[in-house]
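Just below is one structure, and these are the notes that go with it.
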Amino acid sequence: MESAKVKRIYNFSSGPAVMPLPVLERAREEMLSIGGTGMSVMEMSHRSKFFTDVIESAEHKLRGLLSAPDNYRILFLQGGASLQFSMIPMNFLPSGRSADFVVTGAWGVKAASEAARIGTANVIYSSEENGFRSVPEQAELKFSSDAAYVHYTSNETIDGVEFKYELDGGGTPVVCDASSNILSKPFDIEKYAVIYAGAQKNIGPSGVTIVVIRDDMLELVPPNQPSLLDYRNIANNNSLANTPNTWGIYLIGLVCDWLEGEGGVDAIEKRNIEKAAILYKAIDGSDGYYSGHAERDCRSLMNVTFRLPSEDLEEKFCAEAEAVGLDGLRGHRSVGGIRASIYNAFPRAGVEALVDFMNEFASRNG
Ligand code: PMP
């Protein structure tokens, strides 16, 4: 992992997360002057012709990778995925109606509680009782008759549980937080009214949120919505209602180029399946030394969560891993344990290095 004498480690961080090395190298090359302009992309007007091309091409490439049809808008917002927890109900949860929430982890809890500040949020399913280890079968879900939409989280980053199917709202508009598995596998965008993701895992740096929204949803935005919290206004202004994260949008374009060069979403899914399988096999083959958090049929391909026999051993594991260049393995502060985030840009060699370390650690500390 040497690049121009810079030592890079294996970064298992959950996000901001590892970026593809060729993207960082290209950004470095273009840092002082991009496309002969004599300036960095972060120094130029967001209304310039050059930047207009940057944002349009990022949008176009994302549209291609996501196979998003023409009746969907792709917006670049700020405020993180967390702002979407509020914006979605502010735009789509009118008084007198309710929204349904399928809660399979910590982020779903937050989405529902933010919506409850705006209106009626019905949690129609929660796996909290079993410690967020599972996702429901589609048949278990019964939507409320007056639900304005149903919200779910396709991959729960903290708990490491992932839906293996795309939720069918049966006529109720589906809103999905895909922050931690967008672009990791194909999504059928037409199943969603809105699908959104913070960029900092599979799309680019933090500070940009992607919102893919069906045209007809824009008609539902209430009048007098504060303008920067108004999807219709943002769409009408092509994500330039105010100064966007220009640098982040530029990097998203580079990440899309990289992903296309790697064969696109189908090819990356195959690789993600292989990478995750290597890690889960090590967990399952450890005679119980390592125990996976999620139930097998909903194990995340992106965030592999597991425990060791004690918290002391977990601490030792993380410290020793860090010392050998395996960084970012501490589970989220709310749940503890170990979490290996292995997004698109995370190399297979890093997964293999972790497995070697795990085997060696278990034999020394068994
Ligand atoms: N949803 C999911 C699934 C996430 O993983 C995260 C962040 N890790 C968020 C929402 C919140 O994102 P942000 O910090 O960009 O607001």
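Letters for chains follow the order of the structure tokens (A, B, ...), residue numbers begin at 1 for each chain, and ligand numbers begin at 1 in the order shown.
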Quiz item: Which neighbours of A:Ala139 fall inside 12 Å, counting only C-alpha atoms, when residues of the same chain fewer than 4 positions from it are skipped, and could you give them as an MDAnalysis selection string?
Solution: chainID A and resid 125 135 143 165 167:170
Check which residues of chain A sit at most 6 Å from ligand 1 using only C-alpha atoms and all ligand atoms, and return one row each with the closest pair of atoms and their distance in Å to one decimal, ordered by chain and rising number, as JSON lines.
```
{"residue": "A:Gly80", "atom": "CA", "partner": "ligand 1", "partner_atom_place_in_ligand_line": "15 (O)", "distance": 3.4}
{"residue": "A:Ala81", "atom": "CA", "partner": "ligand 1", "partner_atom_place_in_ligand_line": "16 (O)", "distance": 4.0}
{"residue": "A:Ser82", "atom": "CA", "partner": "ligand 1", "partner_atom_place_in_ligand_line": "16 (O)", "distance": 3.6}
{"residue": "A:Trp107", "atom": "CA", "partner": "ligand 1", "partner_atom_place_in_ligand_line": "1 (N)", "distance": 5.1}
{"residue": "A:Glu156", "atom": "CA", "partner": "ligand 1", "partner_atom_place_in_ligand_line": "3 (C)", "distance": 5.2}
{"residue": "A:Thr157", "atom": "CA", "partner": "ligand 1", "partner_atom_place_in_ligand_line": "5 (O)", "distance": 4.6}
{"residue": "A:Asp177", "atom": "CA", "partner": "ligand 1", "partner_atom_place_in_ligand_line": "1 (N)", "distance": 6.0}
{"residue": "A:Ser179", "atom": "CA", "partner": "ligand 1", "partner_atom_place_in_ligand_line": "3 (C)", "distance": 4.7}
{"residue": "A:Ser180", "atom": "CA", "partner": "ligand 1", "partner_atom_place_in_ligand_line": "5 (O)", "distance": 5.3}
{"residue": "A:Gly198", "atom": "CA", "partner": "ligand 1", "partner_atom_place_in_ligand_line": "15 (O)", "distance": 4.7}
```
Would you put the residues from that selection into a file with C-alpha atoms, as a CSV table (one decimal), in the first residue's frame?
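In the end it all went to again_7.csv:
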```csv
chain,number,residue,atom,x,y,z
A,80,GLY,CA,-25.6,14.9,6.5
A,81,ALA,CA,-28.1,12.0,6.3
A,82,SER,CA,-29.2,13.2,9.7
A,107,TRP,CA,-30.1,5.0,12.7
A,156,GLU,CA,-27.6,-0.4,9.7
A,157,THR,CA,-24.1,0.8,10.0
A,177,ASP,CA,-31.8,5.6,4.2
A,179,SER,CA,-26.2,5.8,3.6
A,180,SER,CA,-24.0,2.7,4.2
A,198,GLY,CA,-24.6,10.6,3.3
```
Exercise. Mind the document's chain letters and residue numbers, and return as a PyMOL selection string the residues of stretch 9-168 of chain A that DSSP labels strand (DSSP E).
Key: chain A and resi 10-11+72-77+98-103+120-126+147-153+155-156+161-162
Practice problem: Determine the nearest neighbour of A:Ala111 from the options A:Phe132, A:Phe85, A:Tyr72, A:Phe92, counting only C-alpha atoms. | Solution: A:Phe85
Exercise. Can you work out which one of A:Arg296, A:Gln225, A:Pro136, A:Phe12 has the shortest atom-to-atom distance to A:Leu354, counting only C-alpha atoms?
Key: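 That would be A:Phe12, the residue with the smallest distance to A:Leu354.
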Practice problem: Show which residues sit within 8 Å of A:Arg97, as JSON, numbers by chain. Count only C-alpha atoms, and ignore same-chain residues fewer than 6 positions away. | Solution: {"A": [119, 120, 146, 147, 148]}
Exercise. Write out as a PyMOL selection string the residues lying within 9 Å of A:Pro347, counting only C-alpha atoms and excluding same-chain residues fewer than 5 positions away.
Key: chain A and resi 10+275+342
Quiz item: Nearest to A:His293 among A:Asp159, A:Asp53, A:Glu322, A:Asp327, with distances taken over only C-alpha atoms: which residue is it?
Solution: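 For A:His293, the nearest of the candidates is A:Asp159.
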Quiz item: A:Leu183, A:Val355, A:Leu93, A:Met42: which is nearest A:Glu260, counting only C-alpha atoms?
Solution: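 Closest residue, counting only C-alpha atoms: A:Leu183.
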Quiz prompt | Close residues, A:Leu83 itself excluded, 10 Å, only C-alpha atoms, min 4 positions apart in chain, as a list in words | solution =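 Skipping anything fewer than 4 positions along the chain leaves Leu77, Gln78, Gly79, Met87, Ile88, Ala111, Glu114, Gly198, Thr209 and Leu229 of chain A.
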Selection file, C-alpha atoms, as a PDB file, in the first residue's frame:
```
ATOM      1  CA  LEU A  77     -27.440  18.484  -0.134  1.00  0.00           C
ATOM      2  CA  GLN A  78     -25.627  19.338   3.064  1.00  0.00           C
ATOM      3  CA  GLY A  79     -26.454  18.569   6.691  1.00  0.00           C
ATOM      4  CA  MET A  87     -36.417  17.079   6.009  1.00  0.00           C
ATOM      5  CA  ILE A  88     -38.346  13.984   4.952  1.00  0.00           C
ATOM      6  CA  ALA A 111     -34.963   8.672  11.918  1.00  0.00           C
ATOM      7  CA  GLU A 114     -36.690  13.048  14.504  1.00  0.00           C
ATOM      8  CA  GLY A 198     -24.551  10.575   3.276  1.00  0.00           C
ATOM      9  CA  THR A 209     -25.733  13.985   1.024  1.00  0.00           C
ATOM     10  CA  LEU A 229     -35.296  22.618   3.511  1.00  0.00           C
TER      11      LEU A 229
END
```
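Among A:Val23, A:Phe346, A:Met31, A:Arg307, the residue with the shortest atom-to-atom distance to A:Cys256, counting only C-alpha atoms, is A:Val23.
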Quiz item: A:Ser14: which residues within 10 Å, counting only C-alpha atoms, same-chain residues fewer than 3 positions away excluded, as a ChimeraX atom specification?
Solution: /A:11,17-18,157-158,180,200-201,302-303,328-332,339-343
Quiz item: What separation in Å, quoted to one decimal, exists between atom CA of A:Ala294 and atom CA of A:Pro16?
Solution: 22.7 Å
Quiz item: Contacts of A:Ile74 at 10 Å or less, counting only C-alpha atoms, minus same-chain residues fewer than 5 places along, as an MDAnalysis selection string?
Solution: chainID A and resid 58:60 62:63 68 194:196 210:214 235 238:239
Write the residues you've just listed into a file as a short mmCIF file (atom, residue, chain, number, x, y, z; two decimals), in the first residue's frame, and include all heavy atoms for each of them.
```cif
data_model
loop_
_atom_site.label_atom_id
_atom_site.label_comp_id
_atom_site.auth_asym_id
_atom_site.auth_seq_id
_atom_site.Cartn_x
_atom_site.Cartn_y
_atom_site.Cartn_z
N ALA A 58 -21.10 14.86 -12.33
CA ALA A 58 -21.26 14.00 -11.14
C ALA A 58 -22.69 13.44 -11.10
O ALA A 58 -22.90 12.25 -10.83
CB ALA A 58 -20.95 14.78 -9.87
N GLU A 59 -23.63 14.29 -11.40
CA GLU A 59 -25.04 13.86 -11.38
C GLU A 59 -25.26 12.78 -12.44
O GLU A 59 -25.89 11.75 -12.18
CB GLU A 59 -25.94 15.08 -11.64
CG GLU A 59 -27.38 14.91 -11.22
CD GLU A 59 -28.33 14.54 -12.35
OE1 GLU A 59 -27.90 14.26 -13.48
OE2 GLU A 59 -29.51 14.49 -12.08
N HIS A 60 -24.72 13.01 -13.62
CA HIS A 60 -24.89 12.09 -14.74
C HIS A 60 -24.27 10.72 -14.43
O HIS A 60 -24.86 9.67 -14.68
CB HIS A 60 -24.25 12.73 -15.98
CG HIS A 60 -24.33 11.88 -17.18
ND1 HIS A 60 -25.50 11.72 -17.90
CD2 HIS A 60 -23.40 11.12 -17.80
CE1 HIS A 60 -25.27 10.91 -18.92
NE2 HIS A 60 -24.01 10.53 -18.88
N LEU A 62 -23.59 9.45 -11.43
CA LEU A 62 -24.35 8.79 -10.36
C LEU A 62 -25.62 8.18 -10.93
O LEU A 62 -26.00 7.05 -10.59
CB LEU A 62 -24.74 9.81 -9.29
CG LEU A 62 -23.83 9.99 -8.10
CD1 LEU A 62 -24.39 11.07 -7.19
CD2 LEU A 62 -23.68 8.67 -7.32
N ARG A 63 -26.27 8.92 -11.80
CA ARG A 63 -27.51 8.43 -12.41
C ARG A 63 -27.24 7.12 -13.14
O ARG A 63 -28.01 6.16 -13.04
CB ARG A 63 -28.06 9.50 -13.37
CG ARG A 63 -29.39 9.13 -14.00
CD ARG A 63 -29.92 10.27 -14.88
NE ARG A 63 -30.26 11.46 -14.10
CZ ARG A 63 -31.39 11.60 -13.39
NH1 ARG A 63 -32.30 10.64 -13.39
NH2 ARG A 63 -31.61 12.69 -12.72
N ALA A 68 -30.77 5.25 -12.33
CA ALA A 68 -31.93 6.05 -11.91
C ALA A 68 -32.66 6.57 -13.15
O ALA A 68 -32.04 7.22 -14.00
CB ALA A 68 -31.48 7.21 -11.03
N VAL A 194 -38.14 8.09 -2.29
CA VAL A 194 -36.92 8.82 -1.95
C VAL A 194 -35.90 7.82 -1.43
O VAL A 194 -36.23 6.95 -0.61
CB VAL A 194 -37.16 9.87 -0.83
CG1 VAL A 194 -35.89 10.68 -0.57
CG2 VAL A 194 -38.33 10.80 -1.13
N ILE A 195 -34.67 7.94 -1.93
CA ILE A 195 -33.60 7.14 -1.34
C ILE A 195 -32.43 8.10 -1.13
O ILE A 195 -32.11 8.90 -2.01
CB ILE A 195 -33.26 5.89 -2.19
CG1 ILE A 195 -32.15 5.06 -1.58
CG2 ILE A 195 -32.96 6.22 -3.62
CD1 ILE A 195 -32.07 3.64 -2.19
N TYR A 196 -31.86 8.07 0.07
CA TYR A 196 -30.84 9.07 0.37
C TYR A 196 -29.64 8.44 1.06
O TYR A 196 -29.74 7.34 1.63
CB TYR A 196 -31.42 10.21 1.22
CG TYR A 196 -31.90 9.80 2.60
CD1 TYR A 196 -31.05 9.90 3.70
CD2 TYR A 196 -33.19 9.33 2.81
CE1 TYR A 196 -31.50 9.54 4.99
CE2 TYR A 196 -33.64 8.97 4.07
CZ TYR A 196 -32.79 9.07 5.15
OH TYR A 196 -33.22 8.71 6.40
N ILE A 210 -26.57 12.66 -0.80
CA ILE A 210 -27.26 12.43 -2.07
C ILE A 210 -28.72 12.11 -1.78
O ILE A 210 -29.00 11.26 -0.94
CB ILE A 210 -26.65 11.20 -2.78
CG1 ILE A 210 -25.15 11.35 -2.96
CG2 ILE A 210 -27.33 10.93 -4.12
CD1 ILE A 210 -24.74 12.56 -3.70
N VAL A 211 -29.62 12.80 -2.46
CA VAL A 211 -31.04 12.48 -2.34
C VAL A 211 -31.57 12.19 -3.74
O VAL A 211 -31.48 13.03 -4.63
CB VAL A 211 -31.84 13.65 -1.71
CG1 VAL A 211 -33.33 13.32 -1.67
CG2 VAL A 211 -31.33 13.95 -0.30
N VAL A 212 -32.06 10.97 -3.91
CA VAL A 212 -32.66 10.58 -5.19
C VAL A 212 -34.17 10.57 -4.96
O VAL A 212 -34.67 9.84 -4.10
CB VAL A 212 -32.15 9.18 -5.62
CG1 VAL A 212 -32.72 8.80 -6.98
CG2 VAL A 212 -30.63 9.14 -5.64
N ILE A 213 -34.85 11.41 -5.68
CA ILE A 213 -36.26 11.66 -5.34
C ILE A 213 -37.12 11.62 -6.60
O ILE A 213 -36.74 12.18 -7.64
CB ILE A 213 -36.37 13.00 -4.57
CG1 ILE A 213 -37.79 13.26 -4.09
CG2 ILE A 213 -35.88 14.18 -5.38
CD1 ILE A 213 -37.86 14.36 -3.02
N ARG A 214 -38.26 10.92 -6.49
CA ARG A 214 -39.15 10.81 -7.65
C ARG A 214 -39.87 12.13 -7.86
O ARG A 214 -40.32 12.76 -6.89
CB ARG A 214 -40.14 9.66 -7.40
CG ARG A 214 -40.65 8.99 -8.66
CD ARG A 214 -41.49 7.78 -8.35
NE ARG A 214 -42.58 8.17 -7.45
CZ ARG A 214 -43.04 7.42 -6.44
NH1 ARG A 214 -42.53 6.21 -6.21
NH2 ARG A 214 -44.00 7.85 -5.66
N ALA A 235 -34.37 21.18 -6.06
CA ALA A 235 -34.39 20.55 -7.39
C ALA A 235 -34.51 21.61 -8.49
O ALA A 235 -33.80 21.55 -9.50
CB ALA A 235 -35.56 19.56 -7.48
N ASN A 238 -31.27 23.02 -9.28
CA ASN A 238 -30.21 22.04 -9.61
C ASN A 238 -29.15 21.94 -8.51
O ASN A 238 -27.95 21.93 -8.80
CB ASN A 238 -29.55 22.40 -10.95
CG ASN A 238 -30.56 22.36 -12.08
OD1 ASN A 238 -31.41 21.47 -12.13
ND2 ASN A 238 -30.51 23.36 -12.96
N SER A 239 -29.60 21.86 -7.28
CA SER A 239 -28.73 21.75 -6.10
C SER A 239 -27.83 22.97 -5.89
O SER A 239 -26.85 22.90 -5.14
CB SER A 239 -27.85 20.48 -6.15
OG SER A 239 -28.63 19.33 -6.26
#
```
Where does DSSP see alpha helix (DSSP H) in stretch 62-249 of chain A, if you list the residues as an mmCIF file with N, CA, C and O atoms, in the first residue's frame?
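Full text of result_10.cif as output:
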```cif
data_model
loop_
_atom_site.group_PDB
_atom_site.id
_atom_site.type_symbol
_atom_site.label_atom_id
_atom_site.label_comp_id
_atom_site.auth_asym_id
_atom_site.auth_seq_id
_atom_site.Cartn_x
_atom_site.Cartn_y
_atom_site.Cartn_z
ATOM 1 N N LEU A 62 -23.585 9.454 -11.426
ATOM 2 C CA LEU A 62 -24.349 8.792 -10.364
ATOM 3 C C LEU A 62 -25.625 8.179 -10.926
ATOM 4 O O LEU A 62 -25.996 7.054 -10.590
ATOM 5 N N ARG A 63 -26.271 8.921 -11.795
ATOM 6 C CA ARG A 63 -27.509 8.434 -12.409
ATOM 7 C C ARG A 63 -27.242 7.121 -13.144
ATOM 8 O O ARG A 63 -28.006 6.163 -13.041
ATOM 9 N N GLY A 64 -26.124 7.087 -13.856
ATOM 10 C CA GLY A 64 -25.775 5.875 -14.593
ATOM 11 C C GLY A 64 -25.499 4.709 -13.646
ATOM 12 O O GLY A 64 -26.038 3.611 -13.811
ATOM 13 N N LEU A 65 -24.680 4.952 -12.631
ATOM 14 C CA LEU A 65 -24.311 3.870 -11.710
ATOM 15 C C LEU A 65 -25.523 3.354 -10.942
ATOM 16 O O LEU A 65 -25.622 2.168 -10.631
ATOM 17 N N LEU A 66 -26.439 4.268 -10.622
ATOM 18 C CA LEU A 66 -27.635 3.879 -9.862
ATOM 19 C C LEU A 66 -28.753 3.385 -10.775
ATOM 20 O O LEU A 66 -29.783 2.917 -10.287
ATOM 21 N N GLY A 80 -25.767 16.287 6.178
ATOM 22 C CA GLY A 80 -25.650 14.853 6.464
ATOM 23 C C GLY A 80 -26.952 14.105 6.257
ATOM 24 O O GLY A 80 -28.008 14.702 6.001
ATOM 25 N N ALA A 81 -26.857 12.793 6.377
ATOM 26 C CA ALA A 81 -28.070 11.979 6.310
ATOM 27 C C ALA A 81 -28.998 12.364 7.464
ATOM 28 O O ALA A 81 -30.219 12.273 7.349
ATOM 29 N N SER A 82 -28.398 12.843 8.563
ATOM 30 C CA SER A 82 -29.220 13.201 9.731
ATOM 31 C C SER A 82 -30.215 14.309 9.410
ATOM 32 O O SER A 82 -31.331 14.313 9.942
ATOM 33 N N LEU A 83 -29.837 15.245 8.563
ATOM 34 C CA LEU A 83 -30.802 16.309 8.227
ATOM 35 C C LEU A 83 -31.988 15.717 7.461
ATOM 36 O O LEU A 83 -33.116 16.211 7.586
ATOM 37 N N GLN A 84 -31.734 14.653 6.715
ATOM 38 C CA GLN A 84 -32.838 14.010 5.992
ATOM 39 C C GLN A 84 -33.879 13.428 6.962
ATOM 40 O O GLN A 84 -35.057 13.335 6.646
ATOM 41 N N PHE A 85 -33.401 13.023 8.153
ATOM 42 C CA PHE A 85 -34.353 12.507 9.156
ATOM 43 C C PHE A 85 -35.424 13.567 9.456
ATOM 44 O O PHE A 85 -36.559 13.237 9.789
ATOM 45 N N SER A 86 -35.036 14.854 9.366
ATOM 46 C CA SER A 86 -35.991 15.937 9.610
ATOM 47 C C SER A 86 -36.657 16.407 8.316
ATOM 48 O O SER A 86 -37.854 16.689 8.287
ATOM 49 N N MET A 87 -35.863 16.529 7.260
ATOM 50 C CA MET A 87 -36.417 17.079 6.009
ATOM 51 C C MET A 87 -37.517 16.197 5.428
ATOM 52 O O MET A 87 -38.503 16.706 4.881
ATOM 53 N N ILE A 88 -37.337 14.891 5.534
ATOM 54 C CA ILE A 88 -38.346 13.984 4.952
ATOM 55 C C ILE A 88 -39.717 14.268 5.582
ATOM 56 O O ILE A 88 -40.675 14.567 4.859
ATOM 57 N N PRO A 89 -39.836 14.236 6.930
ATOM 58 C CA PRO A 89 -41.164 14.549 7.488
ATOM 59 C C PRO A 89 -41.585 16.000 7.257
ATOM 60 O O PRO A 89 -42.784 16.265 7.078
ATOM 61 N N MET A 90 -40.638 16.935 7.266
ATOM 62 C CA MET A 90 -41.035 18.338 7.030
ATOM 63 C C MET A 90 -41.663 18.509 5.642
ATOM 64 O O MET A 90 -42.517 19.370 5.440
ATOM 65 N N ASN A 91 -41.217 17.701 4.702
ATOM 66 C CA ASN A 91 -41.730 17.812 3.333
ATOM 67 C C ASN A 91 -42.897 16.874 3.054
ATOM 68 O O ASN A 91 -43.752 17.187 2.229
ATOM 69 N N PHE A 92 -42.923 15.721 3.702
ATOM 70 C CA PHE A 92 -43.863 14.676 3.267
ATOM 71 C C PHE A 92 -44.799 14.148 4.342
ATOM 72 O O PHE A 92 -45.561 13.219 4.082
ATOM 73 N N ALA A 106 -29.763 1.471 15.133
ATOM 74 C CA ALA A 106 -29.640 2.777 15.795
ATOM 75 C C ALA A 106 -30.043 3.935 14.890
ATOM 76 O O ALA A 106 -30.620 4.925 15.362
ATOM 77 N N TRP A 107 -29.752 3.847 13.588
ATOM 78 C CA TRP A 107 -30.083 4.962 12.706
ATOM 79 C C TRP A 107 -31.582 5.036 12.441
ATOM 80 O O TRP A 107 -32.138 6.133 12.332
ATOM 81 N N GLY A 108 -32.214 3.887 12.378
ATOM 82 C CA GLY A 108 -33.676 3.868 12.228
ATOM 83 C C GLY A 108 -34.357 4.486 13.438
ATOM 84 O O GLY A 108 -35.364 5.187 13.314
ATOM 85 N N VAL A 109 -33.792 4.231 14.624
ATOM 86 C CA VAL A 109 -34.331 4.837 15.852
ATOM 87 C C VAL A 109 -34.275 6.359 15.723
ATOM 88 O O VAL A 109 -35.238 7.074 16.020
ATOM 89 N N LYS A 110 -33.131 6.850 15.255
ATOM 90 C CA LYS A 110 -32.977 8.313 15.128
ATOM 91 C C LYS A 110 -33.936 8.876 14.100
ATOM 92 O O LYS A 110 -34.537 9.944 14.310
ATOM 93 N N ALA A 111 -34.065 8.182 12.978
ATOM 94 C CA ALA A 111 -34.963 8.672 11.918
ATOM 95 C C ALA A 111 -36.382 8.795 12.461
ATOM 96 O O ALA A 111 -37.071 9.798 12.236
ATOM 97 N N ALA A 112 -36.827 7.771 13.210
ATOM 98 C CA ALA A 112 -38.194 7.791 13.751
ATOM 99 C C ALA A 112 -38.333 8.885 14.800
ATOM 100 O O ALA A 112 -39.354 9.598 14.838
ATOM 101 N N SER A 113 -37.317 9.067 15.643
ATOM 102 C CA SER A 113 -37.489 10.056 16.713
ATOM 103 C C SER A 113 -37.443 11.475 16.167
ATOM 104 O O SER A 113 -38.140 12.358 16.672
ATOM 105 N N GLU A 114 -36.667 11.707 15.121
ATOM 106 C CA GLU A 114 -36.690 13.048 14.504
ATOM 107 C C GLU A 114 -38.044 13.300 13.843
ATOM 108 O O GLU A 114 -38.586 14.405 13.922
ATOM 109 N N ALA A 115 -38.581 12.295 13.179
ATOM 110 C CA ALA A 115 -39.892 12.469 12.521
ATOM 111 C C ALA A 115 -40.974 12.761 13.553
ATOM 112 O O ALA A 115 -41.895 13.544 13.305
ATOM 113 N N ALA A 116 -40.828 12.153 14.745
ATOM 114 C CA ALA A 116 -41.830 12.344 15.795
ATOM 115 C C ALA A 116 -41.856 13.789 16.301
ATOM 116 O O ALA A 116 -42.824 14.215 16.932
ATOM 117 N N ARG A 117 -40.795 14.542 16.039
ATOM 118 C CA ARG A 117 -40.809 15.969 16.397
ATOM 119 C C ARG A 117 -41.690 16.763 15.443
ATOM 120 O O ARG A 117 -42.098 17.878 15.740
ATOM 121 N N ILE A 118 -41.920 16.193 14.273
ATOM 122 C CA ILE A 118 -42.666 16.917 13.232
ATOM 123 C C ILE A 118 -44.114 16.456 13.187
ATOM 124 O O ILE A 118 -45.028 17.241 12.944
ATOM 125 N N ASP A 215 -39.964 12.518 -9.129
ATOM 126 C CA ASP A 215 -40.571 13.808 -9.499
ATOM 127 C C ASP A 215 -41.880 14.116 -8.781
ATOM 128 O O ASP A 215 -42.082 15.225 -8.297
ATOM 129 N N ASP A 216 -42.770 13.134 -8.741
ATOM 130 C CA ASP A 216 -44.110 13.430 -8.212
ATOM 131 C C ASP A 216 -44.067 13.773 -6.723
ATOM 132 O O ASP A 216 -44.953 14.457 -6.215
ATOM 133 N N MET A 217 -43.018 13.347 -6.021
ATOM 134 C CA MET A 217 -42.906 13.687 -4.601
ATOM 135 C C MET A 217 -42.712 15.193 -4.432
ATOM 136 O O MET A 217 -43.142 15.785 -3.438
ATOM 137 N N LEU A 218 -42.064 15.802 -5.419
ATOM 138 C CA LEU A 218 -41.775 17.236 -5.314
ATOM 139 C C LEU A 218 -43.057 18.056 -5.269
ATOM 140 O O LEU A 218 -43.101 19.138 -4.689
ATOM 141 N N TYR A 231 -37.301 20.413 -0.892
ATOM 142 C CA TYR A 231 -36.736 19.614 -1.991
ATOM 143 C C TYR A 231 -37.071 20.215 -3.363
ATOM 144 O O TYR A 231 -36.270 20.162 -4.279
ATOM 145 N N ARG A 232 -38.280 20.764 -3.455
ATOM 146 C CA ARG A 232 -38.681 21.292 -4.769
ATOM 147 C C ARG A 232 -37.800 22.480 -5.153
ATOM 148 O O ARG A 232 -37.322 22.575 -6.280
ATOM 149 N N ASN A 233 -37.559 23.345 -4.191
ATOM 150 C CA ASN A 233 -36.695 24.498 -4.449
ATOM 151 C C ASN A 233 -35.274 24.059 -4.804
ATOM 152 O O ASN A 233 -34.658 24.583 -5.742
ATOM 153 N N ILE A 234 -34.783 23.076 -4.072
ATOM 154 C CA ILE A 234 -33.415 22.607 -4.335
ATOM 155 C C ILE A 234 -33.336 21.957 -5.722
ATOM 156 O O ILE A 234 -32.402 22.204 -6.490
ATOM 157 N N ALA A 235 -34.367 21.179 -6.063
ATOM 158 C CA ALA A 235 -34.393 20.550 -7.395
ATOM 159 C C ALA A 235 -34.506 21.610 -8.489
ATOM 160 O O ALA A 235 -33.799 21.554 -9.501
ATOM 161 N N ASN A 236 -35.381 22.601 -8.280
ATOM 162 C CA ASN A 236 -35.542 23.657 -9.289
ATOM 163 C C ASN A 236 -34.255 24.429 -9.525
ATOM 164 O O ASN A 236 -34.039 24.987 -10.590
ATOM 165 N N THR A 246 -18.697 22.181 -3.041
ATOM 166 C CA THR A 246 -18.137 22.015 -4.393
ATOM 167 C C THR A 246 -17.031 20.966 -4.430
ATOM 168 O O THR A 246 -16.964 20.138 -5.337
ATOM 169 N N TRP A 247 -16.187 21.013 -3.431
ATOM 170 C CA TRP A 247 -15.062 20.057 -3.371
ATOM 171 C C TRP A 247 -15.594 18.624 -3.250
ATOM 172 O O TRP A 247 -15.127 17.703 -3.923
ATOM 173 N N GLY A 248 -16.577 18.443 -2.391
ATOM 174 C CA GLY A 248 -17.166 17.114 -2.199
ATOM 175 C C GLY A 248 -17.817 16.594 -3.475
ATOM 176 O O GLY A 248 -17.690 15.413 -3.825
ATOM 177 N N ILE A 249 -18.506 17.470 -4.178
ATOM 178 C CA ILE A 249 -19.196 17.052 -5.412
ATOM 179 C C ILE A 249 -18.172 16.665 -6.484
ATOM 180 O O ILE A 249 -18.346 15.676 -7.210
#
```
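For the residues A:Gly292, A:Gly207, A:Pro173, A:Pro20, ranking by smallest atom-to-atom distance to A:Val161 using only C-alpha atoms places A:Gly292 first.
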